[in-house]
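The structure under discussion appears below in the form of C-alpha cells.
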Amino acid sequence: MPLLSPKDMFKKAYDGGYAVGAFNVNNMEIIQGIMEAGKEENAPLILQVSSGARKYAGQNYIMKLMEAALMDADLPVVLHLDHGPNFELCRDVIDGGFTSVMIDGSHLPYEENITLTKKVVAYAHDRGVWVEAELGRLAGVEEDVHSDVHIYTDPDQAVEFVGKTGCDSLAIAIGTSHGAYKFKGEPKLDFDRLHKIAALMPGYPIVLHGASSVVPEYVAMANKYGGHIPGAQGVPENLLRQAAQSAVCKINIDTDIRLAMTAVIRKFLMENPAEFDPRGYLKPAREAVKDMVRHKIKNVLGCSGKA
C-alpha cells in the first residue's frame, strides 16, 4: 500500500472516538518496531520525522526505509514532517514524497504565523499534501524546539487562524509539553478548552503534541542501569485516552519510544559487558519499541483494529 494522506484516517478517528498515533522515527529499528506493532494490532500509523531526525538519517535513507516497510505491510500509513521550522524544509519533504507536513510557526507573532502557514498550505495543497499547523505554545524541549513559556490556545483565535490559513489540522496547547519533564505537580489537561475548540469547529481534527506518558518502569530501568533521569513525569494515559475520545485525532509520541529503547539498551550492556555486536542490543531495543507502540495503540489511542 502506498503512503497516504491522513484525511480519511482522521475522519474515521473523529467519527469513531479514537486517535491515531504519530510516532517519531530516527532509524531502521524504530521504523521496524512501529510497523510490527501496527501489523499485529491492525492499526493505522503515522510515522513522523523531525528536522533533527532528517539531518541524522538523511531524507533519502528515510524514504528507502519507508519503501521497504510498506512492502511488508497492508496498512494505512502516513509519512509526516514534525515541527517543520520553515517553508523551505516543508517544500523539500513534500517534493521528496512526504504525505503530510507540520509547519510550526507557534514561536512567531500571530500574524506572521498566519502568513507562513498560508504559504505552506498553498504549496502543499497544490500537491495533495496535508498541512498541520500550531497555535499556542508548548513548554519544554524537543530537539530544536525549545520554550520556557506555555501559552494555551485561545478557542476563538483558533477558529480565525484555521479560517485564514486553510490548514487541515491544528496542534493546540491544553497542558501537554515536550520532553520527559512535563509536570512538577499534579498533571492536568484543560479539557474545557479542548471541548470549546471542538464545539466551535465541529468535525475538525485536533492534534496533541508532547503527549508521551514517560512510562515509570522505563525511567526506573534506565536509572537502575546507569541513567540519570530524576523527576521525569509525563501525561497520564487516562487523560490521553479521554482526549482521544474527543476531537483529538492525532497524538504525538516520541519520548516514550526513546526511553524504552535506551532503558533496554542500558540493561543489556550492563548485563552483558563483553558484548560488542550492535545487533545484540538493537534487537531487544526494537522489541521494546514494538511493545510500547502496541500498548499505546490498544490502551491509549483506541485504534486497534481500525486499519
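By order in the C-alpha cells, chains are A, B, ...; within a chain, residues start at 1; ligands start at 1, following the order shown.
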Which of segment 84-191 of chain A counts as strand (DSSP E or B) under DSSP, as a PDB file with N, CA and C atoms, in the first residue's frame please?
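File produced: selection05.pdb:
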```pdb
ATOM      1  N   GLY A  84       8.058  21.293  11.319  1.00  0.00           N
ATOM      2  CA  GLY A  84       8.784  21.963  10.244  1.00  0.00           C
ATOM      3  C   GLY A  84       9.014  23.419  10.614  1.00  0.00           C
ATOM      4  N   SER A 100       2.314  14.439   4.461  1.00  0.00           N
ATOM      5  CA  SER A 100       1.769  15.359   5.461  1.00  0.00           C
ATOM      6  C   SER A 100       2.925  16.151   6.051  1.00  0.00           C
ATOM      7  N   VAL A 101       2.683  17.434   6.330  1.00  0.00           N
ATOM      8  CA  VAL A 101       3.724  18.253   6.949  1.00  0.00           C
ATOM      9  C   VAL A 101       3.117  19.091   8.059  1.00  0.00           C
ATOM     10  N   MET A 102       3.933  19.365   9.064  1.00  0.00           N
ATOM     11  CA  MET A 102       3.570  20.355  10.067  1.00  0.00           C
ATOM     12  C   MET A 102       4.457  21.572   9.883  1.00  0.00           C
ATOM     13  N   ILE A 103       3.826  22.721   9.714  1.00  0.00           N
ATOM     14  CA  ILE A 103       4.578  23.961   9.748  1.00  0.00           C
ATOM     15  C   ILE A 103       4.355  24.569  11.128  1.00  0.00           C
ATOM     16  N   TRP A 130      -1.247  17.136   3.026  1.00  0.00           N
ATOM     17  CA  TRP A 130      -1.943  17.629   4.223  1.00  0.00           C
ATOM     18  C   TRP A 130      -1.032  18.571   5.008  1.00  0.00           C
ATOM     19  N   VAL A 131      -1.634  19.592   5.651  1.00  0.00           N
ATOM     20  CA  VAL A 131      -0.853  20.531   6.453  1.00  0.00           C
ATOM     21  C   VAL A 131      -1.430  20.641   7.861  1.00  0.00           C
ATOM     22  N   GLU A 132      -0.556  20.400   8.831  1.00  0.00           N
ATOM     23  CA  GLU A 132      -0.853  20.645  10.245  1.00  0.00           C
ATOM     24  C   GLU A 132      -0.137  21.923  10.652  1.00  0.00           C
ATOM     25  N   ALA A 133      -0.801  22.739  11.454  1.00  0.00           N
ATOM     26  CA  ALA A 133      -0.177  23.954  11.983  1.00  0.00           C
ATOM     27  C   ALA A 133      -0.317  23.935  13.503  1.00  0.00           C
ATOM     28  N   GLU A 134       0.265  24.939  14.143  1.00  0.00           N
ATOM     29  CA  GLU A 134       0.184  25.007  15.606  1.00  0.00           C
ATOM     30  C   GLU A 134      -0.160  26.412  16.048  1.00  0.00           C
ATOM     31  N   LEU A 135      -1.050  26.492  17.040  1.00  0.00           N
ATOM     32  CA  LEU A 135      -1.430  27.770  17.635  1.00  0.00           C
ATOM     33  C   LEU A 135      -1.391  27.601  19.146  1.00  0.00           C
ATOM     34  N   ARG A 137       1.552  27.634  22.484  1.00  0.00           N
ATOM     35  CA  ARG A 137       2.944  27.203  22.587  1.00  0.00           C
ATOM     36  C   ARG A 137       3.093  26.227  23.743  1.00  0.00           C
ATOM     37  N   GLY A 140       8.865  23.235  27.227  1.00  0.00           N
ATOM     38  CA  GLY A 140       9.683  22.033  27.173  1.00  0.00           C
ATOM     39  C   GLY A 140      10.681  22.069  26.044  1.00  0.00           C
ATOM     40  N   VAL A 141      11.386  20.937  25.878  1.00  0.00           N
ATOM     41  CA  VAL A 141      12.448  20.827  24.889  1.00  0.00           C
ATOM     42  C   VAL A 141      12.241  19.574  24.062  1.00  0.00           C
ATOM     43  N   GLU A 142      12.268  19.717  22.744  1.00  0.00           N
ATOM     44  CA  GLU A 142      12.248  18.576  21.829  1.00  0.00           C
ATOM     45  C   GLU A 142      13.143  18.923  20.647  1.00  0.00           C
ATOM     46  N   VAL A 145      13.175  22.402  19.179  1.00  0.00           N
ATOM     47  CA  VAL A 145      12.008  23.137  19.669  1.00  0.00           C
ATOM     48  C   VAL A 145      12.189  23.375  21.164  1.00  0.00           C
ATOM     49  N   HIS A 146      12.382  24.642  21.545  1.00  0.00           N
ATOM     50  CA  HIS A 146      12.634  24.997  22.944  1.00  0.00           C
ATOM     51  C   HIS A 146      11.664  26.101  23.341  1.00  0.00           C
ATOM     52  N   SER A 147      11.064  25.971  24.526  1.00  0.00           N
ATOM     53  CA  SER A 147      10.250  27.055  25.056  1.00  0.00           C
ATOM     54  C   SER A 147      10.152  26.933  26.565  1.00  0.00           C
ATOM     55  N   ILE A 151       1.803  28.771  26.422  1.00  0.00           N
ATOM     56  CA  ILE A 151       0.710  29.665  26.037  1.00  0.00           C
ATOM     57  C   ILE A 151      -0.449  28.807  25.546  1.00  0.00           C
ATOM     58  N   SER A 169      -5.303  20.524   9.899  1.00  0.00           N
ATOM     59  CA  SER A 169      -5.420  20.103  11.290  1.00  0.00           C
ATOM     60  C   SER A 169      -4.622  21.079  12.127  1.00  0.00           C
ATOM     61  N   LEU A 170      -4.935  21.117  13.427  1.00  0.00           N
ATOM     62  CA  LEU A 170      -4.324  22.130  14.278  1.00  0.00           C
ATOM     63  C   LEU A 170      -3.836  21.509  15.574  1.00  0.00           C
ATOM     64  N   ALA A 171      -2.549  21.722  15.868  1.00  0.00           N
ATOM     65  CA  ALA A 171      -1.986  21.339  17.155  1.00  0.00           C
ATOM     66  C   ALA A 171      -2.285  22.448  18.150  1.00  0.00           C
ATOM     67  N   ILE A 172      -2.880  22.073  19.287  1.00  0.00           N
ATOM     68  CA  ILE A 172      -3.272  23.066  20.272  1.00  0.00           C
ATOM     69  C   ILE A 172      -2.524  22.826  21.587  1.00  0.00           C
ATOM     70  N   HIS A 178       6.647  19.268  25.764  1.00  0.00           N
ATOM     71  CA  HIS A 178       7.669  18.428  25.158  1.00  0.00           C
ATOM     72  C   HIS A 178       8.643  17.885  26.206  1.00  0.00           C
ATOM     73  N   TYR A 181       9.998  15.942  31.174  1.00  0.00           N
ATOM     74  CA  TYR A 181       9.671  16.633  32.436  1.00  0.00           C
ATOM     75  C   TYR A 181       8.480  17.551  32.189  1.00  0.00           C
TER      76      TYR A 181
END
```
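The list of residues with at least one atom within 7 Å of segment 72-82 of chain A, based on only C-alpha atoms and without residues fewer than 6 positions apart in the same chain, reads Met1, Leu3, Leu4, Ser5, Pro6, Lys39, Pro44, Leu45, Ile46, Leu47, Gln48, Val49, Ser50, Phe98, Thr99, Ser100, Val101, Met102 and Ala307 of chain A.
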| task | Name the residues of segment 201-289 of chain A that fall into alpha helix (DSSP H) according to DSSP on the backbone, using the chain letters and numbers of this document, as a VMD selection string. | result | chain A and resid 216 to 224 237 to 244 255 to 271 278 to 289
What does the file look like for those residues with C-alpha atoms, as a PDB file, in the first residue's frame?
```
ATOM      1  CA  PRO A 216       7.707   4.966  35.033  1.00  0.00           C
ATOM      2  CA  GLU A 217       9.048   1.420  34.611  1.00  0.00           C
ATOM      3  CA  TYR A 218      11.319   2.512  31.776  1.00  0.00           C
ATOM      4  CA  VAL A 219      12.520   5.545  33.732  1.00  0.00           C
ATOM      5  CA  ALA A 220      13.277   3.226  36.656  1.00  0.00           C
ATOM      6  CA  MET A 221      15.063   0.760  34.375  1.00  0.00           C
ATOM      7  CA  ALA A 222      17.198   3.478  32.801  1.00  0.00           C
ATOM      8  CA  ASN A 223      18.137   4.866  36.219  1.00  0.00           C
ATOM      9  CA  LYS A 224      18.893   1.400  37.607  1.00  0.00           C
ATOM     10  CA  GLU A 237      -2.564   7.709  29.924  1.00  0.00           C
ATOM     11  CA  ASN A 238      -6.147   8.005  31.175  1.00  0.00           C
ATOM     12  CA  LEU A 239      -6.077  11.709  30.248  1.00  0.00           C
ATOM     13  CA  LEU A 240      -4.777  10.887  26.781  1.00  0.00           C
ATOM     14  CA  ARG A 241      -7.493   8.255  26.338  1.00  0.00           C
ATOM     15  CA  GLN A 242     -10.071  10.875  27.272  1.00  0.00           C
ATOM     16  CA  ALA A 243      -8.613  13.287  24.723  1.00  0.00           C
ATOM     17  CA  ALA A 244      -8.629  10.574  22.044  1.00  0.00           C
ATOM     18  CA  THR A 255       9.866  10.434  24.398  1.00  0.00           C
ATOM     19  CA  ASP A 256       8.295   7.105  25.387  1.00  0.00           C
ATOM     20  CA  ILE A 257       9.966   5.390  22.427  1.00  0.00           C
ATOM     21  CA  ARG A 258      13.340   6.927  23.286  1.00  0.00           C
ATOM     22  CA  LEU A 259      13.034   5.901  26.931  1.00  0.00           C
ATOM     23  CA  ALA A 260      12.034   2.333  26.093  1.00  0.00           C
ATOM     24  CA  MET A 261      14.932   1.877  23.665  1.00  0.00           C
ATOM     25  CA  THR A 262      17.539   3.488  25.888  1.00  0.00           C
ATOM     26  CA  ALA A 263      16.465   1.680  29.067  1.00  0.00           C
ATOM     27  CA  VAL A 264      16.586  -1.717  27.366  1.00  0.00           C
ATOM     28  CA  ILE A 265      19.965  -0.996  25.768  1.00  0.00           C
ATOM     29  CA  ARG A 266      21.393   0.161  29.108  1.00  0.00           C
ATOM     30  CA  LYS A 267      20.146  -3.017  30.778  1.00  0.00           C
ATOM     31  CA  PHE A 268      21.561  -5.255  28.059  1.00  0.00           C
ATOM     32  CA  LEU A 269      25.008  -3.655  28.103  1.00  0.00           C
ATOM     33  CA  MET A 270      25.245  -3.694  31.890  1.00  0.00           C
ATOM     34  CA  GLU A 271      24.270  -7.368  31.995  1.00  0.00           C
ATOM     35  CA  PRO A 278      25.209  -3.884  17.916  1.00  0.00           C
ATOM     36  CA  ARG A 279      22.656  -6.495  16.858  1.00  0.00           C
ATOM     37  CA  GLY A 280      22.787  -7.901  20.371  1.00  0.00           C
ATOM     38  CA  TYR A 281      21.324  -4.779  21.959  1.00  0.00           C
ATOM     39  CA  LEU A 282      19.395  -3.350  18.996  1.00  0.00           C
ATOM     40  CA  LYS A 283      17.216  -6.444  18.714  1.00  0.00           C
ATOM     41  CA  PRO A 284      15.711  -6.125  22.233  1.00  0.00           C
ATOM     42  CA  ALA A 285      15.539  -2.348  21.725  1.00  0.00           C
ATOM     43  CA  ARG A 286      13.458  -2.895  18.587  1.00  0.00           C
ATOM     44  CA  GLU A 287      11.213  -5.273  20.539  1.00  0.00           C
ATOM     45  CA  ALA A 288      10.789  -2.607  23.243  1.00  0.00           C
ATOM     46  CA  VAL A 289       9.649  -0.135  20.591  1.00  0.00           C
TER      47      VAL A 289
END
```
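Put simply, atom CA of Glu36 of chain A is 24.5 Å away from atom CA of Ser51 of chain A.
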| field | Nearby residues (only C-alpha atoms) at most 8 Å from Tyr56 of chain A, same-chain spacing under 3 positions excluded, as a PyMOL selection string | value | chain A and resi 26+52-53
Keeping only C-alpha atoms, write those residues as a PDB file, in the first residue's frame.
```pdb
ATOM      1  CA  ASN A  26      15.075   8.096  13.597  1.00  0.00           C
ATOM      2  CA  GLY A  52      16.709  16.638  13.570  1.00  0.00           C
ATOM      3  CA  ALA A  53      15.867  13.089  12.503  1.00  0.00           C
TER       4      ALA A  53
END
```
| field | Selection: 8 Å around Gly203 of chain A, only C-alpha atoms, excl. self and same-chain fewer than 5 positions, as a ChimeraX atom specification | value | /A:11,14,198,247
Those residues with N, CA and C atoms, as an mmCIF file, in the first residue's frame please?
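The file below, again36.cif, is the result:
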```
data_model
loop_
_atom_site.group_PDB
_atom_site.id
_atom_site.type_symbol
_atom_site.label_atom_id
_atom_site.label_comp_id
_atom_site.auth_asym_id
_atom_site.auth_seq_id
_atom_site.Cartn_x
_atom_site.Cartn_y
_atom_site.Cartn_z
ATOM 1 N N LYS A 11 -10.868 11.326 9.536
ATOM 2 C CA LYS A 11 -12.347 11.294 9.508
ATOM 3 C C LYS A 11 -12.859 10.086 10.276
ATOM 4 N N TYR A 14 -12.177 10.648 14.062
ATOM 5 C CA TYR A 14 -13.096 11.618 14.663
ATOM 6 C C TYR A 14 -14.452 10.969 14.899
ATOM 7 N N ALA A 198 -13.466 22.278 20.015
ATOM 8 C CA ALA A 198 -14.181 21.264 19.233
ATOM 9 C C ALA A 198 -15.590 21.728 18.880
ATOM 10 N N ALA A 247 -12.255 15.415 20.042
ATOM 11 C CA ALA A 247 -11.880 15.873 18.697
ATOM 12 C C ALA A 247 -10.420 15.620 18.374
#
```
| task | Just the residues within 7 Å of segment 108-120 of chain A, please, counting only C-alpha atoms, with nothing from its chain fewer than 4 positions along; format it as a PyMOL selection string. | result | chain A and resi 87+103+124+133+161+165-166
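Of the listed residues A:Met71, A:Ile229, A:Val293, A:Leu301, the one whose atoms come nearest to Gly33 of chain A is A:Val293, with distances taken using only C-alpha atoms.
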| Expressed in Å to a single decimal, how great is the separation between atom CA of Ile206 of chain A and atom CA of Gln157 of chain A? | 14.4 Å
